[in-house]
Amino acid sequence: MTVASALKAFRISAWVTGVGLLLLTFYAMPAKYLFGDPRPVAMIGMVHGFLYMIYIVCTLILAERCRWKPVFAVVILAAGTIPIASFVAERKVTRKVQAEHLPAAGS
C-alpha cells in the first residue's frame, strides 16, 4: 500500500468514525439518558466500535508508512475517541503527509 492510498483510507476512516461518534454522543446517549431508550446506544455504540477498529488499522498503516513517532500515532489514535477530534486529526495528518511524503500536484 502506498502512502497516498494509506492516506486515503485513513481520511475515509477518520470521517466515518467521527460521524459515528457524533451520532453516539449527541443522539444515542441523550436518547438513553433523557428518554430511557437504550437501543440507539447499543446499535450505534457497536457500529462505532467496529468503525474505530478500522480507524486504528488505517492509522497504524499510515503511521508505519510515514514513520511517525509513536507518541504522534497514539495522539491520532486517541482522536477517534473524542467527538470532533477525528476531523481535526484528519486535517492535520493530511497536511503533514502531503507536505512530507507526497509530491506537489503538477510537479
# chains A, B, ... in the order shown; residues from 1 in each chain; ligands from 1
>>> residues_around(residues="region 61-72 of chain A", least_positions_apart="2", cutoff="10 Å", atoms="only C-alpha atoms", output="list of chain:residue names")
A:Met1, A:Thr2, A:Val3, A:Ala4, A:Ser5, A:Ala6, A:Leu7, A:Lys8, A:Ala9, A:Phe10, A:Tyr55, A:Ile56, A:Val57, A:Cys58, A:Thr59, A:Val74, A:Val75, A:Ile76, A:Leu77, A:Ala78, A:Val93, A:Lys96, A:Val97, A:Glu100, A:His101
>>> write_last_selection(atoms="N, CA and C atoms", output="PDB file, in the first residue's frame")
ATOM      1  N   MET A   1       0.856  -1.177   0.000  1.00  0.00           N
ATOM      2  CA  MET A   1       0.000   0.000   0.000  1.00  0.00           C
ATOM      3  C   MET A   1       0.902   1.240   0.000  1.00  0.00           C
ATOM      4  N   THR A   2       0.630   2.152  -0.901  1.00  0.00           N
ATOM      5  CA  THR A   2       1.420   3.375  -0.992  1.00  0.00           C
ATOM      6  C   THR A   2       0.993   4.361   0.091  1.00  0.00           C
ATOM      7  N   VAL A   3       1.796   5.397   0.284  1.00  0.00           N
ATOM      8  CA  VAL A   3       1.447   6.440   1.247  1.00  0.00           C
ATOM      9  C   VAL A   3       0.141   7.114   0.826  1.00  0.00           C
ATOM     10  N   ALA A   4      -0.015   7.358  -0.472  1.00  0.00           N
ATOM     11  CA  ALA A   4      -1.233   8.019  -0.961  1.00  0.00           C
ATOM     12  C   ALA A   4      -2.480   7.182  -0.682  1.00  0.00           C
ATOM     13  N   SER A   5      -2.411   5.878  -0.921  1.00  0.00           N
ATOM     14  CA  SER A   5      -3.584   5.039  -0.661  1.00  0.00           C
ATOM     15  C   SER A   5      -3.815   4.859   0.840  1.00  0.00           C
ATOM     16  N   ALA A   6      -2.747   4.814   1.625  1.00  0.00           N
ATOM     17  CA  ALA A   6      -2.893   4.730   3.082  1.00  0.00           C
ATOM     18  C   ALA A   6      -3.529   6.010   3.616  1.00  0.00           C
ATOM     19  N   LEU A   7      -3.139   7.145   3.053  1.00  0.00           N
ATOM     20  CA  LEU A   7      -3.736   8.420   3.470  1.00  0.00           C
ATOM     21  C   LEU A   7      -5.218   8.457   3.123  1.00  0.00           C
ATOM     22  N   LYS A   8      -5.569   7.989   1.941  1.00  0.00           N
ATOM     23  CA  LYS A   8      -6.981   7.979   1.534  1.00  0.00           C
ATOM     24  C   LYS A   8      -7.808   7.103   2.476  1.00  0.00           C
ATOM     25  N   ALA A   9      -7.305   5.920   2.793  1.00  0.00           N
ATOM     26  CA  ALA A   9      -8.014   5.019   3.715  1.00  0.00           C
ATOM     27  C   ALA A   9      -8.152   5.660   5.093  1.00  0.00           C
ATOM     28  N   PHE A  10      -7.080   6.313   5.552  1.00  0.00           N
ATOM     29  CA  PHE A  10      -7.128   6.989   6.847  1.00  0.00           C
ATOM     30  C   PHE A  10      -8.173   8.089   6.837  1.00  0.00           C
ATOM     31  N   TYR A  55     -10.433   2.367  11.930  1.00  0.00           N
ATOM     32  CA  TYR A  55      -9.659   3.602  12.060  1.00  0.00           C
ATOM     33  C   TYR A  55      -8.272   3.302  12.646  1.00  0.00           C
ATOM     34  N   ILE A  56      -8.223   2.442  13.654  1.00  0.00           N
ATOM     35  CA  ILE A  56      -6.951   2.071  14.274  1.00  0.00           C
ATOM     36  C   ILE A  56      -6.025   1.430  13.243  1.00  0.00           C
ATOM     37  N   VAL A  57      -6.549   0.482  12.484  1.00  0.00           N
ATOM     38  CA  VAL A  57      -5.729  -0.208  11.479  1.00  0.00           C
ATOM     39  C   VAL A  57      -5.226   0.779  10.427  1.00  0.00           C
ATOM     40  N   CYS A  58      -6.125   1.628   9.921  1.00  0.00           N
ATOM     41  CA  CYS A  58      -5.730   2.609   8.901  1.00  0.00           C
ATOM     42  C   CYS A  58      -4.693   3.583   9.435  1.00  0.00           C
ATOM     43  N   THR A  59      -4.850   4.008  10.672  1.00  0.00           N
ATOM     44  CA  THR A  59      -3.893   4.930  11.287  1.00  0.00           C
ATOM     45  C   THR A  59      -2.537   4.265  11.462  1.00  0.00           C
ATOM     46  N   VAL A  74      -0.153   7.686  18.649  1.00  0.00           N
ATOM     47  CA  VAL A  74      -1.095   7.476  19.760  1.00  0.00           C
ATOM     48  C   VAL A  74      -2.065   8.649  19.883  1.00  0.00           C
ATOM     49  N   VAL A  75      -1.569   9.862  19.696  1.00  0.00           N
ATOM     50  CA  VAL A  75      -2.446  11.033  19.748  1.00  0.00           C
ATOM     51  C   VAL A  75      -3.491  10.962  18.634  1.00  0.00           C
ATOM     52  N   ILE A  76      -3.070  10.581  17.444  1.00  0.00           N
ATOM     53  CA  ILE A  76      -4.013  10.460  16.323  1.00  0.00           C
ATOM     54  C   ILE A  76      -5.000   9.319  16.588  1.00  0.00           C
ATOM     55  N   LEU A  77      -4.543   8.237  17.157  1.00  0.00           N
ATOM     56  CA  LEU A  77      -5.448   7.136  17.516  1.00  0.00           C
ATOM     57  C   LEU A  77      -6.481   7.587  18.544  1.00  0.00           C
ATOM     58  N   ALA A  78      -6.057   8.360  19.525  1.00  0.00           N
ATOM     59  CA  ALA A  78      -6.977   8.838  20.565  1.00  0.00           C
ATOM     60  C   ALA A  78      -8.030   9.783  20.004  1.00  0.00           C
ATOM     61  N   VAL A  93      -3.228  15.533   9.820  1.00  0.00           N
ATOM     62  CA  VAL A  93      -2.473  14.432   9.216  1.00  0.00           C
ATOM     63  C   VAL A  93      -2.390  14.614   7.705  1.00  0.00           C
ATOM     64  N   LYS A  96       0.181  17.224   6.923  1.00  0.00           N
ATOM     65  CA  LYS A  96       1.524  16.716   7.259  1.00  0.00           C
ATOM     66  C   LYS A  96       2.006  15.717   6.213  1.00  0.00           C
ATOM     67  N   VAL A  97       1.167  14.769   5.863  1.00  0.00           N
ATOM     68  CA  VAL A  97       1.561  13.730   4.905  1.00  0.00           C
ATOM     69  C   VAL A  97       1.778  14.334   3.522  1.00  0.00           C
ATOM     70  N   GLU A 100       5.117  16.234   3.585  1.00  0.00           N
ATOM     71  CA  GLU A 100       6.345  15.476   3.827  1.00  0.00           C
ATOM     72  C   GLU A 100       6.541  14.265   2.918  1.00  0.00           C
ATOM     73  N   HIS A 101       5.439  13.701   2.389  1.00  0.00           N
ATOM     74  CA  HIS A 101       5.582  12.410   1.697  1.00  0.00           C
ATOM     75  C   HIS A 101       5.001  12.355   0.291  1.00  0.00           C
TER      76      HIS A 101
END
>>> residues_around(residues="Pro83 (chain A)", least_positions_apart="2", cutoff="8 Å", atoms="only C-alpha atoms", output="VMD selection string")
chain A and resid 18 21 to 22 25 79 to 81 85 to 86
>>> write_last_selection(atoms="C-alpha atoms", output="mmCIF file, in the first residue's frame")
data_model
loop_
_atom_site.group_PDB
_atom_site.id
_atom_site.type_symbol
_atom_site.label_atom_id
_atom_site.label_comp_id
_atom_site.auth_asym_id
_atom_site.auth_seq_id
_atom_site.Cartn_x
_atom_site.Cartn_y
_atom_site.Cartn_z
ATOM 1 C CA GLY A 18 -16.099 10.896 13.566
ATOM 2 C CA LEU A 21 -19.026 9.162 17.391
ATOM 3 C CA LEU A 22 -21.104 12.317 16.899
ATOM 4 C CA THR A 25 -22.659 11.295 21.637
ATOM 5 C CA ALA A 79 -8.684 11.370 18.293
ATOM 6 C CA GLY A 80 -11.175 8.668 17.322
ATOM 7 C CA THR A 81 -12.493 8.638 20.880
ATOM 8 C CA ALA A 85 -11.245 15.388 17.241
ATOM 9 C CA SER A 86 -11.064 12.880 14.386
#
>>> select_by_dssp(residues="chain A", states="alpha helix (DSSP H)", output="JSON, numbers by chain")
{"A": [3, 4, 5, 6, 7, 8, 9, 10, 11, 12, 13, 14, 15, 16, 17, 18, 19, 20, 21, 22, 23, 29, 30, 31, 32, 33, 34, 35, 39, 40, 41, 42, 43, 44, 45, 46, 47, 48, 49, 50, 51, 52, 53, 54, 55, 56, 57, 58, 59, 60, 61, 62, 63, 64, 65, 66, 70, 71, 72, 73, 74, 75, 76, 77, 78, 85, 86, 87, 88, 89, 90, 91, 92, 93, 94, 95, 96, 97, 98, 99, 100, 101]}
>>> atom_distance(atom1="CA of Ala99 (chain A)", atom2="CA of Ile54 (chain A)")
24.8 Å
>>> closest_residue(among="A:Gly20, A:Tyr27, A:Gln98, A:Val88", to="Arg39 (chain A)", atoms="only C-alpha atoms")
A:Tyr27
>>> atom_distance(atom1="CA of Val19 (chain A)", atom2="CA of Gly36 (chain A)")
22.9 Å
>>> residues_around(residues="Asp37 (chain A)", least_positions_apart="6", cutoff="12 Å", atoms="only C-alpha atoms", output="ChimeraX atom specification")
/A:27-31,43
>>> write_last_selection(atoms="C-alpha atoms", output="compact mmCIF listing (two decimals), in the first residue's frame")
# COMPACT_ATOMS: atom_id res chain seq x y z
CA TYR A 27 -28.21 11.27 19.53
CA ALA A 28 -27.83 7.88 21.18
CA MET A 29 -26.64 8.99 24.62
CA PRO A 30 -29.40 11.61 25.06
CA ALA A 31 -31.93 9.03 23.87
CA MET A 43 -26.70 -0.21 17.98
>>> atom_distance(atom1="CA of Val47 (chain A)", atom2="CA of Ser13 (chain A)")
12.7 Å
>>> residues_around(residues="Val16 (chain A)", least_positions_apart="6", cutoff="9 Å", atoms="only C-alpha atoms", output="list in words")
His48, Leu51, Tyr52 and Tyr55 of chain A
>>> decode(residues="region 1-23 of chain A", atoms="N, CA and C atoms", output="mmCIF file, in the first residue's frame")
data_model
loop_
_atom_site.group_PDB
_atom_site.id
_atom_site.type_symbol
_atom_site.label_atom_id
_atom_site.label_comp_id
_atom_site.auth_asym_id
_atom_site.auth_seq_id
_atom_site.Cartn_x
_atom_site.Cartn_y
_atom_site.Cartn_z
ATOM 1 N N MET A 1 0.856 -1.177 0.000
ATOM 2 C CA MET A 1 0.000 0.000 0.000
ATOM 3 C C MET A 1 0.902 1.240 0.000
ATOM 4 N N THR A 2 0.630 2.152 -0.901
ATOM 5 C CA THR A 2 1.420 3.375 -0.992
ATOM 6 C C THR A 2 0.993 4.361 0.091
ATOM 7 N N VAL A 3 1.796 5.397 0.284
ATOM 8 C CA VAL A 3 1.447 6.440 1.247
ATOM 9 C C VAL A 3 0.141 7.114 0.826
ATOM 10 N N ALA A 4 -0.015 7.358 -0.472
ATOM 11 C CA ALA A 4 -1.233 8.019 -0.961
ATOM 12 C C ALA A 4 -2.480 7.182 -0.682
ATOM 13 N N SER A 5 -2.411 5.878 -0.921
ATOM 14 C CA SER A 5 -3.584 5.039 -0.661
ATOM 15 C C SER A 5 -3.815 4.859 0.840
ATOM 16 N N ALA A 6 -2.747 4.814 1.625
ATOM 17 C CA ALA A 6 -2.893 4.730 3.082
ATOM 18 C C ALA A 6 -3.529 6.010 3.616
ATOM 19 N N LEU A 7 -3.139 7.145 3.053
ATOM 20 C CA LEU A 7 -3.736 8.420 3.470
ATOM 21 C C LEU A 7 -5.218 8.457 3.123
ATOM 22 N N LYS A 8 -5.569 7.989 1.941
ATOM 23 C CA LYS A 8 -6.981 7.979 1.534
ATOM 24 C C LYS A 8 -7.808 7.103 2.476
ATOM 25 N N ALA A 9 -7.305 5.920 2.793
ATOM 26 C CA ALA A 9 -8.014 5.019 3.715
ATOM 27 C C ALA A 9 -8.152 5.660 5.093
ATOM 28 N N PHE A 10 -7.080 6.313 5.552
ATOM 29 C CA PHE A 10 -7.128 6.989 6.847
ATOM 30 C C PHE A 10 -8.173 8.089 6.837
ATOM 31 N N ARG A 11 -8.182 8.912 5.792
ATOM 32 C CA ARG A 11 -9.123 10.037 5.723
ATOM 33 C C ARG A 11 -10.565 9.548 5.763
ATOM 34 N N ILE A 12 -10.862 8.512 5.005
ATOM 35 C CA ILE A 12 -12.227 7.968 4.992
ATOM 36 C C ILE A 12 -12.587 7.416 6.363
ATOM 37 N N SER A 13 -11.680 6.643 6.955
ATOM 38 C CA SER A 13 -11.978 6.049 8.260
ATOM 39 C C SER A 13 -12.114 7.118 9.340
ATOM 40 N N ALA A 14 -11.335 8.191 9.254
ATOM 41 C CA ALA A 14 -11.439 9.273 10.239
ATOM 42 C C ALA A 14 -12.806 9.940 10.158
ATOM 43 N N TRP A 15 -13.274 10.199 8.954
ATOM 44 C CA TRP A 15 -14.584 10.843 8.793
ATOM 45 C C TRP A 15 -15.717 9.920 9.231
ATOM 46 N N VAL A 16 -15.655 8.667 8.838
ATOM 47 C CA VAL A 16 -16.723 7.735 9.203
ATOM 48 C C VAL A 16 -16.750 7.524 10.713
ATOM 49 N N THR A 17 -15.589 7.382 11.322
ATOM 50 C CA THR A 17 -15.512 7.228 12.776
ATOM 51 C C THR A 17 -16.025 8.474 13.481
ATOM 52 N N GLY A 18 -15.648 9.637 12.973
ATOM 53 C CA GLY A 18 -16.099 10.896 13.566
ATOM 54 C C GLY A 18 -17.608 11.065 13.516
ATOM 55 N N VAL A 19 -18.203 10.741 12.374
ATOM 56 C CA VAL A 19 -19.661 10.844 12.248
ATOM 57 C C VAL A 19 -20.339 9.855 13.199
ATOM 58 N N GLY A 20 -19.802 8.637 13.267
ATOM 59 C CA GLY A 20 -20.367 7.642 14.179
ATOM 60 C C GLY A 20 -20.293 8.089 15.632
ATOM 61 N N LEU A 21 -19.176 8.689 16.009
ATOM 62 C CA LEU A 21 -19.026 9.162 17.391
ATOM 63 C C LEU A 21 -19.965 10.329 17.685
ATOM 64 N N LEU A 22 -20.152 11.217 16.706
ATOM 65 C CA LEU A 22 -21.104 12.317 16.899
ATOM 66 C C LEU A 22 -22.526 11.780 17.079
ATOM 67 N N LEU A 23 -22.900 10.787 16.281
ATOM 68 C CA LEU A 23 -24.228 10.178 16.436
ATOM 69 C C LEU A 23 -24.373 9.530 17.811
#
